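Trainee: Structure incoming, see below.
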Amino acid sequence: MIIRKPYAFLIKYFKFFHFIMLIFSLYIVYKSNKILDFFNEYVSTRLTNFNETFISDNIPLILFLFAFIIVIFSTFIIVLFRKKDKPILFYVISSIYYFVYIILCIITMQIMRTIMIEGIEQKTARLYRDIWLIVYLVQYIFVVVCLVRTFGFDFKKFNFNEDYQKFKIEETDNEEVELKTAFDADRVKMKAAMKKEEFKAFYYENRFIIILIFVLTFIIIPSSFLIKYYVDSKIYIENDNIIFDNYEMIIDSSLYTQKDSKGNILFKNDNYYLIVKFKAKSKNNNEISIDIENIKLEINDNIYSPKTTYYEYFKDIGSGYYNQKISNEFKEYILVYVINEEDLKSEKILRISKKINLSDNSIDIKYNRISLNPVNIDENVNKKTIEFNTKYKFEDYFLNNSSLILSHYNVKDKFIYNVNNKDKYIVNTYGLVLSITYEFDNNNIDLSYLLQNYGIIRYKINNLFYTEKINNITPKDYDGNNLFFSVKEDIKLSDSIELVIKLRNNEYVFIIK
């Protein structure tokens, strides 16, 4: 093999080569940061501003050219340094890295085209964001090393002065020097015995790069990921306490259904309701409100907003939130989203704005994200029969942990009650009056409201069942533990009487007679 003038040329322009590589690598860092910003914005908002030159502006042809030139320079130095037993670790890593960088840019251009046309899944967008974060941070290694070698801070380790004297490069490098490549077994054995010393020498010569790579690999990059995942992009789960600037929130649970509180199917098509139960409180004594337009549901490429007009169908699950004032004590609410059936099997992320930064040219929004695991509440009807004078404890969403016992009933033409020592009458002009004595343990609702909205009276005559809607005629000035309902006269002929409460897929049948 013949080594001619190139080595002398390299030594003479060594700093200049690294100056060019420094300029090119700085430009690549700048463009990589732009690409990283693009994916950060898309992951955060799922929106971005496109124009006809968007892709070429972010990944221009000159970016490929600069990366390719760095690969050529690094390869050139590797070939020459390898023959002179000079350190080549940095240049090997550099040539591999920028070659991979070129391939990654080509792939990213195609991803950007896909985003422009139809968008990509949230998981995929986060993956490319994280890849570009690593790519971006690693580039600082090359910038620092090129900077150091441009100004010659570690120039002595290459022993170029010794090369000038030993090989008389300035005068004789034009001559041909032949290198023999015959295999020397003794030399190999000697090198094997001196591995430890050579490793120490290698570390001493390359300690700056090795320490820099170690710091970036085990400190800076992991720290960046920890901040990214556990601070900026942490994904919370249900029942986590989420802290905002002026309030706290806990997502208690989530569920989906096609039915209203009475079990009626609301949708004839493939849409579903997804209900999010949450509780929130102010962090100080000031009452605050939450803008529900800042609480979005992300599924695949779909972004859903809360639908306040559907709250009335889910009163059994909770109170709908309309931006009401929130005090410094936790209070429970629900949000309702209308989603496509095809989204039920995909990852569901509740996205809540936590910080909005406005500038002249852009809006930077930071979010807290909560992974939802909704349950289906449209399963088969659960029918429970409760004998008369038996205490029953409810377990559904609406009546959870409350209890009811019906202890006495009577059917008459009229009932008498006393107010201020005066007798008053409860009568039904069109039939009879059914009286039921009860004990209901619930601090949120009363039994009359529950029966009026979700109850019916059912009785059987000659093996035929008849039903009546609840018509509560209990006087407002009545003070007692009875409820009075108007019923038809033929209820006296019934073989059995039942009070039925139906809440979604739960049917509670209280036997009265």
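Ordered as shown in the structure tokens, chains take letters A, B, and onward, while each chain numbers its residues from 1 and ligands are numbered from 1 in the order shown.
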Any idea what's packed within 9 Å of A:Ala280, counting only C-alpha atoms, ignoring anything in its chain fewer than 5 positions away? Could you give it as a ChimeraX atom specification?

Mentor: /A:247-251,326-333

Trainee: Filtering to C-alpha atoms, could you give me those residues as a PDB file, in the first residue's frame?

Mentor:
ATOM      1  CA  TYR A 247     -56.373  23.571  41.575  1.00  0.00           C
ATOM      2  CA  GLU A 248     -56.044  19.825  42.070  1.00  0.00           C
ATOM      3  CA  MET A 249     -57.897  17.127  40.171  1.00  0.00           C
ATOM      4  CA  ILE A 250     -58.408  13.367  40.526  1.00  0.00           C
ATOM      5  CA  ILE A 251     -59.935  11.274  37.726  1.00  0.00           C
ATOM      6  CA  ILE A 326     -64.891  25.116  42.740  1.00  0.00           C
ATOM      7  CA  SER A 327     -64.006  25.703  46.392  1.00  0.00           C
ATOM      8  CA  ASN A 328     -61.106  24.356  48.450  1.00  0.00           C
ATOM      9  CA  GLU A 329     -62.938  21.097  49.169  1.00  0.00           C
ATOM     10  CA  PHE A 330     -63.149  18.224  46.700  1.00  0.00           C
ATOM     11  CA  LYS A 331     -66.426  18.007  44.782  1.00  0.00           C
ATOM     12  CA  GLU A 332     -67.391  15.349  42.234  1.00  0.00           C
ATOM     13  CA  TYR A 333     -68.510  15.968  38.639  1.00  0.00           C
TER      14      TYR A 333
END

Trainee: One decimal, in Å: what's the spacing between atom CA of A:Asp396 and atom CA of A:Glu238?

Mentor: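 We find that atom CA of A:Asp396 and atom CA of A:Glu238 lie 19.1 Å from each other.
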
Trainee: Give me the residues near A:Phe99 as a ChimeraX atom specification, where near means some atom within 9 Å (using only C-alpha atoms) and where sequence neighbours in that chain fewer than 3 positions away do not count.

Mentor: /A:67-68,71,94-96,102-104

Trainee: Could you tell me how far atom CA of A:Phe440 sits from atom CA of A:Ile377, in Å to one decimal place?

Mentor: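 So the two atoms, atom CA of A:Ile377 and atom CA of A:Phe440, lie 25.1 Å apart.
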
Trainee: Please extract the residues of stretch 330-390 of chain A with a backbone DSSP assignment of strand (DSSP E) and present them as a PyMOL selection string.

Mentor: chain A and resi 331-340+348-358+363-372+375-376+382-386

Trainee: Using only C-alpha atoms, find each residue in stretch 10-108 of chain A having at least one atom no more than 6 Å away from stretch 132-151 of chain A; report its shortest atom-to-atom pair and that distance in Å (one decimal), rows by chain then rising number, as CSV.

Mentor:
residue,atom,partner,partner_atom,distance
A:Lys15,CA,A:Thr150,CA,4.5
A:His18,CA,A:Thr150,CA,5.2
A:Phe19,CA,A:Thr150,CA,5.3
A:Leu22,CA,A:Cys146,CA,5.3
A:Ser32,CA,A:Tyr136,CA,5.8
A:Leu36,CA,A:Trp132,CA,5.7

Trainee: If you keep N, CA and C atoms, can you produce a file of those selected residues as a tab-separated table (two decimals), in the first residue's frame?

Mentor:
chain	number	residue	atom	x	y	z
A	15	LYS	N	-6.85	21.58	11.54
A	15	LYS	CA	-7.77	22.50	12.23
A	15	LYS	C	-8.83	23.03	11.27
A	18	HIS	N	-11.61	20.55	10.83
A	18	HIS	CA	-12.52	20.52	11.99
A	18	HIS	C	-13.34	21.80	12.11
A	19	PHE	N	-12.80	22.90	11.61
A	19	PHE	CA	-13.58	24.12	11.58
A	19	PHE	C	-14.78	23.96	10.64
A	22	LEU	N	-17.20	21.74	12.28
A	22	LEU	CA	-17.88	22.47	13.37
A	22	LEU	C	-19.03	23.31	12.82
A	32	SER	N	-31.95	20.24	13.49
A	32	SER	CA	-32.49	19.14	14.31
A	32	SER	C	-33.40	19.67	15.40
A	36	LEU	N	-37.25	18.69	16.05
A	36	LEU	CA	-37.71	18.29	17.38
A	36	LEU	C	-38.88	19.17	17.83

Trainee: In terms of the shortest atom-to-atom distance over only C-alpha atoms, which of A:Phe484, A:Leu447, A:Tyr430, A:Lys424 is closest to A:Ser402?

Mentor: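 The shortest atom-to-atom distance to A:Ser402 comes from A:Leu447.
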
Trainee: Just give me the gap between atom CA of A:Arg369 and atom CA of A:Met116 in Å, one decimal is fine.

Mentor: 24.2 Å
